[in-house]
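Beneath this line is the structure, given in C-alpha cells, with notes to follow.
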Amino acid sequence: MLKGRGEDAAPVMAQVAALKSELEANEVRLGELLKELDAFLALLPNLPDESVPIGKSEADNVEVKCWGAPRVFDFAVKDHVDLGEALGQLDFATAAKIAGTRFSLMRGQLARLHRALAQFMLDTHTIEHDYLEVYAPYLVNAASLLGTGQLPKFEEDLFKICAPTPSRCTSFRPPKCRSPTSSVARFSPPTRCRSGSSAIRRVFAPKPAPTVATRAA
C-alpha cells in the first residue's frame with residue numbers, strides 16, 4: 001500500500017520482520033516454560049481431604065475403622081522371609097542367579113498359596129461383587145505412569161526397558177487407569193475392574209525382601 005502511494009515501505013517491512021522474529025522467539029520460550037510448568041505440576045501431590053488431620057508423623061494418624069483384633073502369640077513371631085527360607089519354599093539365592101537381586105523364587109505349598117490367593121481375590125470380586133476381570137500388560141509407557149502419579153516420583157524404583165520405546169514394569173493401576181474400560185461416560189457409573197498382576201519394583205532395604213508379588217488393584 002505504501003509502495004503504491006510512492007512512500008518508503010522499508011521501515012514497516014523491517015518492523016514486520018522484527019515482530020515475526022520476536023513471535024518465533026516467544027513461541028520457543030513459551031514451549032520451554034510449559035515444559036517447566038508441567039515438570040513442576042507433576043511433583044505436586046494430591047490434595048488431602050479436609051477431614052484428614054494434620055500431623056508430623058504416623059503417630060498423629062487417626063484410626064477411622066478397626067476390624068478384629070491383632071493376635072497375641074506366646075512365642076517369638078518369625079518374619080515370613082525367615083519362615084519361607086527355613087521351609088525351603090522361599091529361595092532368594094536361586095532367584096538372584098536367575099534374575100539378579102530383589103527377586104524371589106517360591107516352591108511347593110508356598111507357590112501354590114501365592115497362586116491361590118490371587119485366584120481367591122479375583123473370584124471374590126468378580127463373582128460375588130460384579131467386578132470386571134482385566135488382564136493388562138505388565139509393561140507401560142511413561143505417559144501411563146505420569147497420568148497415574150507414578151512418575152516422576154518413583155522413577156528410581158521402576159525397572160525400565162529402553163528399546164525400542166522406553167517401557168517400565170509396574171502394577172495393574174497404571175494400565176487400568178489408561179485402558180478404554182476406565183473411560184467414564186457422562187451420567188454413567190465408572191467400570192469396576194480387578195486384575196492379578198506382578199508389582200515389580202526396586203526395593204532398597206537392609207535385608208532382601210520379595211518384590212515380585214501378586215496384588216489386588
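The chains in the C-alpha cells are called A, B, ... from first to last as shown; in each chain the residues are counted from 1, and the ligands are counted from 1 in the order shown.
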* **Non-local contacts of Ala39 (chain A) (12 Å; only C-alpha atoms; under 6 positions in same chain excluded) as a list in words** =>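 Residues meeting the cut-off are Glu32, Leu33, Leu146, Leu151, Pro152 and Lys153 of chain A.
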* **strand (DSSP E or B) residues, from DSSP on the backbone, in region 8-200 of chain A, as a PyMOL selection string** => chain A and resi 90-91+105-106+132-133+139-140+158+160-161+167-169+193-194+197-200
* To do: Looking only at alpha helix (DSSP H) from DSSP on the backbone, list the matching residues of region 11-201 of chain A as a PyMOL selection string.
  => chain A and resi 11-42+80-86+92-99+108-123+142-147+173-178
Selection above as a file: C-alpha atoms, as a tab-separated table (two decimals), in the first residue's frame:
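After the write, part_2.tsv holds the following:
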```tsv
chain	number	residue	atom	x	y	z
A	11	PRO	CA	10.72	0.76	7.86
A	12	VAL	CA	7.37	-1.02	8.07
A	13	MET	CA	8.75	-4.18	6.46
A	14	ALA	CA	11.63	-4.14	8.90
A	15	GLN	CA	9.17	-3.78	11.78
A	16	VAL	CA	7.10	-6.73	10.49
A	17	ALA	CA	10.25	-8.85	10.17
A	18	ALA	CA	11.24	-7.92	13.73
A	19	LEU	CA	7.77	-8.84	15.03
A	20	LYS	CA	8.00	-12.18	13.24
A	21	SER	CA	11.36	-12.92	14.82
A	22	GLU	CA	10.06	-11.85	18.23
A	23	LEU	CA	6.97	-14.06	17.82
A	24	GLU	CA	9.09	-17.08	16.90
A	25	ALA	CA	11.37	-16.48	19.88
A	26	ASN	CA	8.38	-16.11	22.20
A	27	GLU	CA	6.88	-19.36	20.90
A	28	VAL	CA	10.13	-21.17	21.69
A	29	ARG	CA	10.22	-19.61	25.15
A	30	LEU	CA	6.56	-20.46	25.73
A	31	GLY	CA	7.30	-24.10	24.92
A	32	GLU	CA	10.17	-24.10	27.42
A	33	LEU	CA	8.02	-22.51	30.13
A	34	LEU	CA	5.19	-25.01	29.54
A	35	LYS	CA	7.65	-27.88	29.96
A	36	GLU	CA	8.92	-26.34	33.20
A	37	LEU	CA	5.34	-25.87	34.40
A	38	ASP	CA	4.40	-29.47	33.58
A	39	ALA	CA	7.51	-30.74	35.38
A	40	PHE	CA	6.63	-28.65	38.45
A	41	LEU	CA	2.96	-29.71	38.47
A	42	ALA	CA	3.97	-33.38	38.15
A	80	HIS	CA	7.75	-64.51	56.65
A	81	VAL	CA	11.15	-64.44	54.92
A	82	ASP	CA	12.72	-66.47	57.72
A	83	LEU	CA	9.84	-68.96	57.69
A	84	GLY	CA	9.90	-69.38	53.93
A	85	GLU	CA	13.66	-69.93	53.78
A	86	ALA	CA	13.60	-72.37	56.71
A	92	PHE	CA	16.40	-65.76	47.20
A	93	ALA	CA	19.78	-67.24	46.30
A	94	THR	CA	18.45	-69.13	43.27
A	95	ALA	CA	16.32	-66.17	42.21
A	96	ALA	CA	19.43	-63.96	42.29
A	97	LYS	CA	21.22	-66.39	39.95
A	98	ILE	CA	18.27	-66.35	37.58
A	99	ALA	CA	17.31	-62.68	37.56
A	108	GLY	CA	5.79	-76.18	46.74
A	109	GLN	CA	3.00	-75.12	49.05
A	110	LEU	CA	4.17	-71.50	49.13
A	111	ALA	CA	3.98	-71.23	45.33
A	112	ARG	CA	0.55	-72.83	45.47
A	113	LEU	CA	-0.57	-70.38	48.18
A	114	HIS	CA	0.72	-67.47	46.11
A	115	ARG	CA	-1.39	-68.60	43.14
A	116	ALA	CA	-4.42	-69.44	45.29
A	117	LEU	CA	-4.52	-66.02	46.94
A	118	ALA	CA	-4.66	-64.30	43.56
A	119	GLN	CA	-7.39	-66.67	42.38
A	120	PHE	CA	-9.36	-66.18	45.60
A	121	MET	CA	-9.14	-62.40	45.28
A	122	LEU	CA	-10.27	-62.42	41.64
A	123	ASP	CA	-13.12	-64.89	42.20
A	142	ALA	CA	5.85	-43.10	30.57
A	143	ALA	CA	2.54	-41.37	29.80
A	144	SER	CA	0.61	-44.06	31.68
A	145	LEU	CA	2.84	-43.68	34.72
A	146	LEU	CA	2.76	-39.90	34.63
A	147	GLY	CA	-1.03	-39.87	34.41
A	173	ARG	CA	-3.00	-49.43	38.48
A	174	PRO	CA	-1.45	-47.52	35.53
A	175	PRO	CA	-2.75	-49.79	32.73
A	176	LYS	CA	-6.16	-49.93	34.39
A	177	CYS	CA	-6.44	-46.14	34.53
A	178	ARG	CA	-5.25	-45.78	30.93
```
* Atomic distance CA of Thr124 (chain A) - CA of Tyr138 (chain A), expressed in Å with one decimal -> 22.7 Å
* Asked: In Å to one decimal, how far is CA of Leu43 (chain A) from CA of Val62 (chain A)?
  ->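 CA of Val62 (chain A) sits 26.3 Å away from CA of Leu43 (chain A).
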* Suppose you want the space between CA of Ile54 (chain A) and CA of Glu156 (chain A); what is it in Å? -> 28.5 Å
* To do: Excluding Cys193 (chain A) and any residue of its chain fewer than 4 positions from it, enumerate the residues within 7 Å of it, using only C-alpha atoms, and give them as a ChimeraX atom specification.
  => /A:131-134
